[in-house]
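Asker: My structure is stored as upload_21.pdb, with PDB, C-alpha atoms.
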```pdb
MODEL        1
ATOM      1  CA  MET S   1      63.093  42.664-101.923
ATOM      2  CA  LEU S   2      61.609  40.102 -99.555
ATOM      3  CA  ASP S   3      63.606  39.071 -96.526
ATOM      4  CA  GLN S   4      64.069  35.461 -95.478
ATOM      5  CA  ASN S   5      61.347  35.666 -92.820
ATOM      6  CA  GLN S   6      58.811  36.852 -95.400
ATOM      7  CA  ILE S   7      59.779  34.114 -97.826
ATOM      8  CA  ALA S   8      59.512  31.527 -95.040
ATOM      9  CA  GLN S   9      56.057  32.832 -94.121
ATOM     10  CA  PHE S  10      54.865  32.425 -97.689
ATOM     11  CA  HIS S  11      56.192  28.848 -97.776
ATOM     12  CA  HIS S  12      54.457  28.059 -94.493
ATOM     13  CA  ASP S  13      51.136  29.873 -94.834
ATOM     14  CA  GLY S  14      50.547  29.982 -98.590
ATOM     15  CA  TYR S  15      50.187  33.754 -98.544
ATOM     16  CA  LEU S  16      52.158  36.886 -97.722
ATOM     17  CA  LEU S  17      50.773  40.368 -97.114
ATOM     18  CA  ILE S  18      53.296  43.107 -97.870
ATOM     19  CA  LYS S  19      52.244  46.418 -96.355
ATOM     20  CA  GLY S  20      53.117  49.366 -98.583
ATOM     21  CA  GLY S  21      54.644  47.122-101.223
ATOM     22  CA  LEU S  22      53.869  49.723-103.885
ATOM     23  CA  SER S  23      53.914  53.508-103.637
ATOM     24  CA  ASP S  24      51.337  56.039-104.792
ATOM     25  CA  ASP S  25      53.646  56.777-107.722
ATOM     26  CA  ASP S  26      53.350  53.110-108.739
ATOM     27  CA  ILE S  27      49.568  52.945-108.363
ATOM     28  CA  GLN S  28      48.301  56.367-109.448
ATOM     29  CA  PRO S  29      49.006  55.990-113.202
ATOM     30  CA  VAL S  30      46.788  52.885-113.284
ATOM     31  CA  ILE S  31      44.033  54.733-111.425
ATOM     32  CA  ASP S  32      44.322  57.623-113.875
ATOM     33  CA  GLU S  33      44.121  55.200-116.782
ATOM     34  CA  TYR S  34      40.924  53.602-115.513
ATOM     35  CA  ASP S  35      39.502  56.983-114.553
ATOM     36  CA  ALA S  36      39.826  57.873-118.242
ATOM     37  CA  VAL S  37      38.118  54.598-119.202
ATOM     38  CA  VAL S  38      35.169  55.409-116.938
ATOM     39  CA  ASP S  39      35.038  58.921-118.395
ATOM     40  CA  GLN S  40      34.763  57.452-121.904
ATOM     41  CA  MET S  41      32.038  55.082-120.698
ATOM     42  CA  ALA S  42      30.107  58.059-119.310
ATOM     43  CA  ASN S  43      30.389  59.952-122.596
ATOM     44  CA  ASP S  44      29.246  56.921-124.595
ATOM     45  CA  LEU S  45      26.270  56.332-122.305
ATOM     46  CA  LEU S  46      25.244  59.984-122.494
ATOM     47  CA  ARG S  47      25.425  59.985-126.286
ATOM     48  CA  ALA S  48      23.349  56.803-126.403
ATOM     49  CA  GLY S  49      20.729  58.361-124.130
ATOM     50  CA  ARG S  50      21.096  55.554-121.574
ATOM     51  CA  ILE S  51      21.955  57.934-118.725
ATOM     52  CA  THR S  52      21.243  61.591-118.016
ATOM     53  CA  ASP S  53      24.080  62.340-115.578
ATOM     54  CA  GLY S  54      27.739  61.668-116.393
ATOM     55  CA  CYS S  55      28.660  62.020-112.690
ATOM     56  CA  LEU S  56      31.522  64.291-113.689
ATOM     57  CA  ASN S  57      32.122  65.487-110.129
ATOM     58  CA  GLU S  58      32.260  61.987-108.629
ATOM     59  CA  PRO S  59      35.701  60.658-107.578
ATOM     60  CA  PHE S  60      37.276  57.510-108.996
ATOM     61  CA  GLU S  61      35.936  55.381-106.140
ATOM     62  CA  THR S  62      32.275  56.188-106.870
ATOM     63  CA  ARG S  63      31.865  57.508-110.424
ATOM     64  CA  LEU S  64      31.339  54.145-112.143
ATOM     65  CA  ALA S  65      28.790  53.254-109.451
ATOM     66  CA  GLY S  66      26.916  56.451-110.312
ATOM     67  CA  LEU S  67      26.766  55.415-113.965
ATOM     68  CA  CYS S  68      25.654  51.893-113.076
ATOM     69  CA  ARG S  69      22.930  53.273-110.842
ATOM     70  CA  GLN S  70      21.309  54.749-113.966
ATOM     71  CA  ASP S  71      21.787  51.775-116.289
ATOM     72  CA  GLU S  72      21.417  48.130-115.254
ATOM     73  CA  VAL S  73      23.191  46.824-118.367
ATOM     74  CA  THR S  74      26.285  48.800-117.422
ATOM     75  CA  TYR S  75      26.100  47.342-113.914
ATOM     76  CA  ARG S  76      26.004  43.803-115.273
ATOM     77  CA  GLU S  77      28.768  44.343-117.825
ATOM     78  CA  ALA S  78      31.099  46.760-116.023
ATOM     79  CA  ASP S  79      33.512  44.146-114.702
ATOM     80  CA  GLN S  80      34.213  42.860-118.189
ATOM     81  CA  ALA S  81      34.343  46.349-119.727
ATOM     82  CA  VAL S  82      37.144  47.508-117.422
ATOM     83  CA  ASP S  83      39.163  44.288-117.416
ATOM     84  CA  ILE S  84      42.804  44.400-118.485
ATOM     85  CA  ALA S  85      42.184  42.654-121.807
ATOM     86  CA  ALA S  86      39.432  45.159-122.640
ATOM     87  CA  VAL S  87      41.555  48.234-121.899
ATOM     88  CA  LEU S  88      45.154  47.137-122.628
ATOM     89  CA  GLY S  89      46.509  50.399-121.274
ATOM     90  CA  SER S  90      50.160  51.387-121.165
ATOM     91  CA  ALA S  91      50.035  52.287-117.446
ATOM     92  CA  THR S  92      48.740  48.806-116.673
ATOM     93  CA  PHE S  93      51.546  47.263-118.730
ATOM     94  CA  ASP S  94      54.058  49.392-116.825
ATOM     95  CA  LEU S  95      52.695  48.063-113.530
ATOM     96  CA  LEU S  96      52.901  44.466-114.763
ATOM     97  CA  ARG S  97      56.661  44.965-115.104
ATOM     98  CA  ASN S  98      57.068  47.508-112.294
ATOM     99  CA  LYS S  99      60.545  47.190-110.760
ATOM    100  CA  GLN S 100      59.373  47.333-107.149
ATOM    101  CA  LEU S 101      56.713  44.686-107.778
ATOM    102  CA  LEU S 102      59.113  42.407-109.651
ATOM    103  CA  ASP S 103      61.696  42.770-106.875
ATOM    104  CA  LEU S 104      59.072  41.324-104.514
ATOM    105  CA  VAL S 105      58.004  38.615-106.972
ATOM    106  CA  GLU S 106      61.627  37.605-107.504
ATOM    107  CA  GLY S 107      61.917  36.636-103.845
ATOM    108  CA  ILE S 108      59.472  33.782-104.505
ATOM    109  CA  ILE S 109      59.686  33.033-108.232
ATOM    110  CA  GLY S 110      63.385  33.633-108.768
ATOM    111  CA  PRO S 111      65.116  35.871-111.317
ATOM    112  CA  GLU S 112      63.463  34.511-114.496
ATOM    113  CA  ILE S 113      59.907  35.839-114.355
ATOM    114  CA  THR S 114      57.099  35.556-116.897
ATOM    115  CA  CYS S 115      53.887  37.554-116.567
ATOM    116  CA  SER S 116      50.893  35.267-117.020
ATOM    117  CA  PRO S 117      47.975  36.276-119.279
ATOM    118  CA  ILE S 118      45.596  35.377-116.421
ATOM    119  CA  GLN S 119      45.357  38.926-115.108
ATOM    120  CA  HIS S 120      42.436  41.161-114.258
ATOM    121  CA  VAL S 121      41.238  44.524-113.024
ATOM    122  CA  ARG S 122      38.153  44.100-110.834
ATOM    123  CA  CYS S 123      35.484  46.642-109.981
ATOM    124  CA  LYS S 124      33.494  45.130-107.139
ATOM    125  CA  LEU S 125      30.365  47.269-107.350
ATOM    126  CA  PRO S 126      27.993  48.020-104.460
ATOM    127  CA  VAL S 127      25.453  45.234-104.029
ATOM    128  CA  SER S 128      22.706  47.783-103.355
ATOM    129  CA  LEU S 129      22.744  49.350-106.834
ATOM    130  CA  TRP S 130      20.289  47.008-108.540
ATOM    131  CA  ASP S 131      17.761  44.808-106.797
ATOM    132  CA  GLY S 132      18.319  41.248-107.955
ATOM    133  CA  ALA S 133      21.397  42.049-110.044
ATOM    134  CA  SER S 134      24.833  40.493-109.628
ATOM    135  CA  SER S 135      26.149  40.815-106.084
ATOM    136  CA  TYR S 136      29.785  40.565-107.151
ATOM    137  CA  VAL S 137      30.550  37.769-104.707
ATOM    138  CA  ALA S 138      33.741  35.800-105.308
ATOM    139  CA  PRO S 139      33.029  32.261-104.046
ATOM    140  CA  TRP S 140      35.673  30.189-102.342
ATOM    141  CA  HIS S 141      38.149  29.020-104.962
ATOM    142  CA  GLN S 142      41.803  28.325-105.679
ATOM    143  CA  ASP S 143      43.561  29.999-108.587
ATOM    144  CA  ALA S 144      44.671  26.541-109.721
ATOM    145  CA  GLN S 145      41.044  26.105-110.801
ATOM    146  CA  VAL S 146      41.180  28.769-113.519
ATOM    147  CA  HIS S 147      43.895  27.471-115.831
ATOM    148  CA  THR S 148      43.937  24.504-118.201
ATOM    149  CA  GLU S 149      45.635  21.172-117.572
ATOM    150  CA  GLU S 150      48.942  22.140-119.179
ATOM    151  CA  ALA S 151      49.777  24.297-116.149
ATOM    152  CA  ASP S 152      48.641  21.840-113.466
ATOM    153  CA  SER S 153      52.165  20.893-112.423
ATOM    154  CA  HIS S 154      53.585  24.421-112.456
ATOM    155  CA  PHE S 155      53.724  26.939-109.631
ATOM    156  CA  ILE S 156      51.944  30.225-110.392
ATOM    157  CA  LEU S 157      52.030  33.181-107.998
ATOM    158  CA  THR S 158      49.064  35.520-107.641
ATOM    159  CA  ALA S 159      49.719  39.163-106.764
ATOM    160  CA  TRP S 160      46.492  40.793-105.500
ATOM    161  CA  ILE S 161      46.737  44.577-105.394
ATOM    162  CA  PRO S 162      43.963  46.905-104.174
ATOM    163  CA  LEU S 163      43.663  50.279-105.913
ATOM    164  CA  VAL S 164      41.571  51.537-102.975
ATOM    165  CA  ASP S 165      41.511  50.658 -99.274
ATOM    166  CA  THR S 166      39.645  47.413 -98.601
ATOM    167  CA  ASP S 167      37.953  46.051 -95.495
ATOM    168  CA  GLU S 168      35.114  43.707 -94.579
ATOM    169  CA  ARG S 169      32.475  46.271 -95.587
ATOM    170  CA  ASN S 170      33.570  46.581 -99.200
ATOM    171  CA  GLY S 171      34.643  42.976 -99.711
ATOM    172  CA  CYS S 172      38.278  42.477 -98.732
ATOM    173  CA  LEU S 173      39.782  39.082 -99.409
ATOM    174  CA  LYS S 174      39.299  36.157 -97.051
ATOM    175  CA  ILE S 175      41.717  33.239 -97.168
ATOM    176  CA  ILE S 176      42.248  29.844 -95.571
ATOM    177  CA  PRO S 177      45.980  29.533 -94.854
ATOM    178  CA  ASN S 178      48.191  26.428 -94.937
ATOM    179  CA  ILE S 179      45.926  24.486 -97.309
ATOM    180  CA  HIS S 180      48.514  24.647-100.089
ATOM    181  CA  ARG S 181      50.679  22.163 -98.189
ATOM    182  CA  ASP S 182      48.018  19.480 -98.749
ATOM    183  CA  GLN S 183      48.761  19.833-102.488
ATOM    184  CA  LYS S 184      45.128  19.348-103.407
ATOM    185  CA  VAL S 185      42.909  21.089-105.903
ATOM    186  CA  LEU S 186      39.484  21.122-104.303
ATOM    187  CA  TRP S 187      37.464  20.650-107.482
ATOM    188  CA  SER S 188      33.701  20.903-107.329
ATOM    189  CA  GLU S 189      30.891  21.047-109.837
ATOM    190  CA  GLY S 190      30.913  24.458-111.475
ATOM    191  CA  PHE S 191      33.370  27.123-110.385
ATOM    192  CA  GLY S 192      34.836  27.258-106.915
ATOM    193  CA  ILE S 193      34.892  24.932-103.933
ATOM    194  CA  SER S 194      31.700  23.271-102.781
ATOM    195  CA  GLU S 195      30.767  23.424 -99.116
ATOM    196  CA  SER S 196      31.451  19.696 -98.782
ATOM    197  CA  ASN S 197      35.006  20.138-100.100
ATOM    198  CA  LEU S 198      35.783  23.358 -98.229
ATOM    199  CA  PRO S 199      38.476  22.717 -95.583
ATOM    200  CA  ASP S 200      37.246  22.767 -91.999
ATOM    201  CA  ARG S 201      39.740  25.406 -90.940
ATOM    202  CA  GLU S 202      39.312  28.990 -89.810
ATOM    203  CA  ALA S 203      39.274  31.645 -92.528
ATOM    204  CA  ILE S 204      40.954  34.978 -91.938
ATOM    205  CA  CYS S 205      40.052  38.403 -93.364
ATOM    206  CA  LEU S 206      42.797  40.523 -94.864
ATOM    207  CA  PRO S 207      41.925  44.246 -94.889
ATOM    208  CA  MET S 208      44.417  46.098 -97.079
ATOM    209  CA  LYS S 209      45.393  49.638 -97.930
ATOM    210  CA  ARG S 210      45.938  50.972-101.418
ATOM    211  CA  GLY S 211      49.480  49.963-102.389
ATOM    212  CA  ASP S 212      49.628  46.849-100.211
ATOM    213  CA  VAL S 213      50.459  43.654-102.103
ATOM    214  CA  LEU S 214      49.113  40.200-101.270
ATOM    215  CA  PHE S 215      50.884  37.126-102.632
ATOM    216  CA  LEU S 216      48.840  33.926-102.848
ATOM    217  CA  HIS S 217      49.884  30.363-103.633
ATOM    218  CA  LYS S 218      47.672  28.982-106.385
ATOM    219  CA  LEU S 219      46.350  26.305-103.992
ATOM    220  CA  THR S 220      45.341  28.787-101.248
ATOM    221  CA  PRO S 221      41.523  29.079-101.024
ATOM    222  CA  HIS S 222      40.212  32.636-101.032
ATOM    223  CA  SER S 223      36.943  34.491-101.471
ATOM    224  CA  SER S 224      35.275  37.858-100.926
ATOM    225  CA  GLU S 225      31.851  38.955 -99.706
ATOM    226  CA  PRO S 226      29.515  41.513-101.341
ATOM    227  CA  ASN S 227      30.426  45.177-101.295
ATOM    228  CA  GLU S 228      28.038  46.789 -98.816
ATOM    229  CA  THR S 229      29.363  50.357 -99.252
ATOM    230  CA  ASP S 230      28.482  53.059-101.794
ATOM    231  CA  ALA S 231      31.954  53.022-103.349
ATOM    232  CA  ILE S 232      33.705  50.550-105.635
ATOM    233  CA  ARG S 233      36.366  48.130-104.454
ATOM    234  CA  TRP S 234      38.869  48.427-107.314
ATOM    235  CA  SER S 235      41.620  45.803-107.382
ATOM    236  CA  MET S 236      44.038  43.947-109.636
ATOM    237  CA  ASP S 237      44.934  40.277-109.608
ATOM    238  CA  LEU S 238      48.096  39.515-111.538
ATOM    239  CA  ARG S 239      50.008  36.265-111.957
ATOM    240  CA  TYR S 240      53.672  35.423-112.381
ATOM    241  CA  GLN S 241      55.606  32.222-112.920
ATOM    242  CA  LYS S 242      59.021  30.930-113.853
ATOM    243  CA  THR S 243      59.879  31.556-117.475
ATOM    244  CA  GLY S 244      59.512  28.402-119.545
ATOM    245  CA  THR S 245      56.519  27.017-117.649
ATOM    246  CA  ALA S 246      53.038  26.757-119.172
ATOM    247  CA  SER S 247      50.562  29.491-118.285
ATOM    248  CA  GLY S 248      47.401  27.434-118.681
ATOM    249  CA  ARG S 249      46.091  30.023-121.156
ATOM    250  CA  SER S 250      48.356  29.351-124.114
ATOM    251  CA  CYS S 251      45.978  31.067-126.546
ATOM    252  CA  TYR S 252      46.665  34.409-124.851
ATOM    253  CA  PRO S 253      50.056  36.151-124.678
ATOM    254  CA  ASP S 254      52.366  35.891-121.711
ATOM    255  CA  PHE S 255      55.669  37.769-121.720
ATOM    256  CA  VAL S 256      59.045  37.826-120.003
ATOM    257  CA  ALA S 257      58.819  40.548-117.375
ATOM    258  CA  ARG S 258      62.316  40.049-115.927
ATOM    259  CA  SER S 259      65.344  38.012-116.893
ATOM    260  CA  ARG S 260      68.642  38.322-115.103
ATOM    261  CA  ALA S 261      70.208  35.810-117.521
ATOM    262  CA  LEU S 262      68.786  37.198-120.784
ATOM    263  CA  PRO S 263      67.661  40.794-120.208
ATOM    264  CA  ASP S 264      67.118  41.347-123.944
ATOM    265  CA  SER S 265      64.287  38.791-123.774
ATOM    266  CA  GLU S 266      62.195  41.120-121.587
ATOM    267  CA  LEU S 267      59.201  42.772-123.220
ATOM    268  CA  ARG S 268      59.417  46.524-122.659
ATOM    269  CA  ASP S 269      57.044  47.857-125.318
ATOM    270  CA  SER S 270      53.387  48.253-124.347
ATOM    271  CA  VAL S 271      52.391  48.610-128.007
ATOM    272  CA  VAL S 272      53.782  45.155-128.821
ATOM    273  CA  TRP S 273      51.957  43.748-125.786
ATOM    274  CA  LYS S 274      48.687  45.371-126.848
ATOM    275  CA  GLN S 275      49.006  44.142-130.433
ATOM    276  CA  ALA S 276      49.674  40.586-129.243
ATOM    277  CA  TRP S 277      46.517  40.700-127.123
ATOM    278  CA  GLU S 278      44.416  42.167-129.926
ATOM    279  CA  THR S 279      45.545  39.404-132.284
ATOM    280  CA  ALA S 280      44.791  36.709-129.691
ATOM    281  CA  LEU S 281      41.389  38.162-128.844
ATOM    282  CA  ASN S 282      40.509  38.246-132.521
ATOM    283  CA  ASP S 283      41.193  34.496-132.696
ATOM    284  CA  TYR S 284      39.705  33.670-129.276
ATOM    285  CA  PRO S 285      37.152  36.423-128.545
ATOM    286  CA  THR S 286      35.107  34.542-125.959
ATOM    287  CA  LYS S 287      35.867  32.798-122.716
ATOM    288  CA  LEU S 288      37.377  29.360-123.096
ATOM    289  CA  PRO S 289      35.170  26.410-122.122
ATOM    290  CA  ARG S 290      35.997  24.934-118.767
ATOM    291  CA  LYS S 291      37.404  21.465-118.658
ATOM    292  CA  ALA S 292      35.497  18.754-116.803
ATOM    293  CA  ARG S 293      36.277  18.830-113.083
ATOM    294  CA  PRO S 294      36.289  15.807-110.797
ATOM    295  CA  ALA S 295      33.887  16.065-107.892
ATOM    296  CA  GLU S 296      36.503  15.143-105.293
ATOM    297  CA  PRO S 297      39.743  16.910-104.301
ATOM    298  CA  VAL S 298      42.696  15.905-106.469
ATOM    299  CA  THR S 299      46.336  15.879-105.441
ATOM    300  CA  GLN S 300      48.444  18.209-107.570
ATOM    301  CA  MET S 301      52.200  17.821-107.327
ATOM    302  CA  LEU S 302      54.009  21.002-108.338
ATOM    303  CA  ASP S 303      57.313  20.803-110.148
ATOM    304  CA  SER S 304      58.379  24.128-108.625
ATOM    305  CA  ARG S 305      58.611  23.885-104.854
ATOM    306  CA  VAL S 306      58.559  27.328-103.285
TER     307      VAL S 306
ENDMDL
END
```
Can the structure in the file be given as C-alpha cells, please?

Answerer:
Amino acid sequence: MLDQNQIAQFHHDGYLLIKGGLSDDDIQPVIDEYDAVVDQMANDLLRAGRITDGCLNEPFETRLAGLCRQDEVTYREADQAVDIAAVLGSATFDLLRNKQLLDLVEGIIGPEITCSPIQHVRCKLPVSLWDGASSYVAPWHQDAQVHTEEADSHFILTAWIPLVDTDERNGCLKIIPNIHRDQKVLWSEGFGISESNLPDREAICLPMKRGDVLFLHKLTPHSSEPNETDAIRWSMDLRYQKTGTASGRSCYPDFVARSRALPDSELRDSVVWKQAWETALNDYPTKLPRKARPAEPVTQMLDSRV
C-alpha cells in the first residue's frame, strides 16, 4: 500500500515512482507469455520463408530484434503484433488484477477500481535495425489525449511498468511534473503536444528497473527517445479508474478489477475477458478515428480530485 507521503507526492507532482513495486514473481509470467508469442512469430516467419534464423538462442530482450533485423515488415508491425489486444494472454490478465499492483492503485483511486481497456504492451525496438524505418519515438503527450470526450471529466491513472531495466540509452520515460495542476489538455494538431504548446519547464528522466511501477496523472506530459541499444525496451502501460466512470473507449471492454463493496462484481476469469475482447474487436477491428482537437490548450476540470 502507498503511504501518505507517497500519495501526497502524486497529488503534488502528477507522478509517483515506486521502486520494486512488483516482484519477479509478478513480472516473470508476463515475460514468459510474450517470450512464447515471439517464439510463435519466429516459427511463422521461418515457415513463410521470410527469415532464415529463428534466433532460438537469443534471450527475451533481444530475440524479437533479431527477427526484425531479417524482415522489415516485422519491424514495422511488431508493436501491434505483441500488443495486449493481439495476445490476450492469461498471464497478462493476472497482472491487470495483481493484488500487489491493485494495493498500490487503491492508494490513489480508492477501493472501487475498474481496469480501463486503454492498455498496451510496448516493444521499443532498436532504432538502428532498419535505415529509415520507424524510430519508435513517443512524442510529448498527455494520456488525456488518447480517450474520447466521454471520459474528459474523469480521472484515469496510468501505471507504466517496465519488463526490462530502462535508462536514457534504451528510451526511458521523460516527464514534466506539476503540469497536471494547471488542469489543461495541451491539444495540438495531430497526436501529442506541439512545441508551441509544450510547457516551458524542465523535463526529468526516470530510469527504472524491471518491477518498478510509475504512476502518471492523465494530464502529466511524458515522452521517450529512440532506443539506441541492441536490445528491446519492453514495457506495459495500464490504466485504472473509479468504477462507474467512463473509460473513453466504450466500444472495448473494461472490467472491475477490485471492489471492496461488491467483491462478486470483480472479473476473475481470463477466458471471459478474452472472449469479451474478441467480440469487441470483431465489431471494431481497426483503430477508432480521432476526434477533432482544438489547436490551443483547453482547461479540463476533473470530477475526481486526487

Asker: May I ask which of the residues S:Asn170, S:Ser128, S:Gln9, S:Ser270 is the closest one to S:Leu206, counting all atoms listed in the file?

Answerer: S:Asn170

Asker: So, with all atoms listed in the file as the atoms that count, which of S:Asp230, S:Asp269, S:Asp182, S:Glu112 lies closest to S:Thr245?

Answerer: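 When distances to S:Thr245 are compared using all atoms listed in the file, the smallest one comes from S:Glu112.
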
Asker: Might you pull out every residue within 8 Å of S:Leu16, with all atoms listed in the file counted and same-chain residues fewer than 2 positions away left off, and present them as a ChimeraX atom specification?

Answerer: /S:6,9-10,13-14,18,214-216

Asker: Give as a PyMOL selection string the residues that the PyMOL selection byres ((chain S and resi 23) around 9) matches when applied to the coordinates above.

Answerer: chain S and resi 20-22+24-28+100+210-212

Asker: Please compute the atom CA of S:Glu202-atom CA of S:His11 distance, one decimal, in Å.

Answerer: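 Atom CA of S:His11 lies 18.7 Å from atom CA of S:Glu202.
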
Asker: Within 8 Å of (49.8, 35.9, -109.6), all atoms listed in the file: residues as a list in words?

Answerer: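 Within 8 Å of (49.8, 35.9, -109.6), the protein and nucleic acid residues are Ser116, Gln119, Ile156, Leu157, Thr158, Ala159, Trp160, Phe215, Leu216, Lys218, Asp237, Leu238, Arg239, Tyr240 and Gln241 of chain S.
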
Asker: Between S:Trp140, S:Trp130, S:Tyr75, S:Trp277, which one has atoms that come closest to S:Ser224, using all atoms listed in the file?

Answerer: S:Trp140
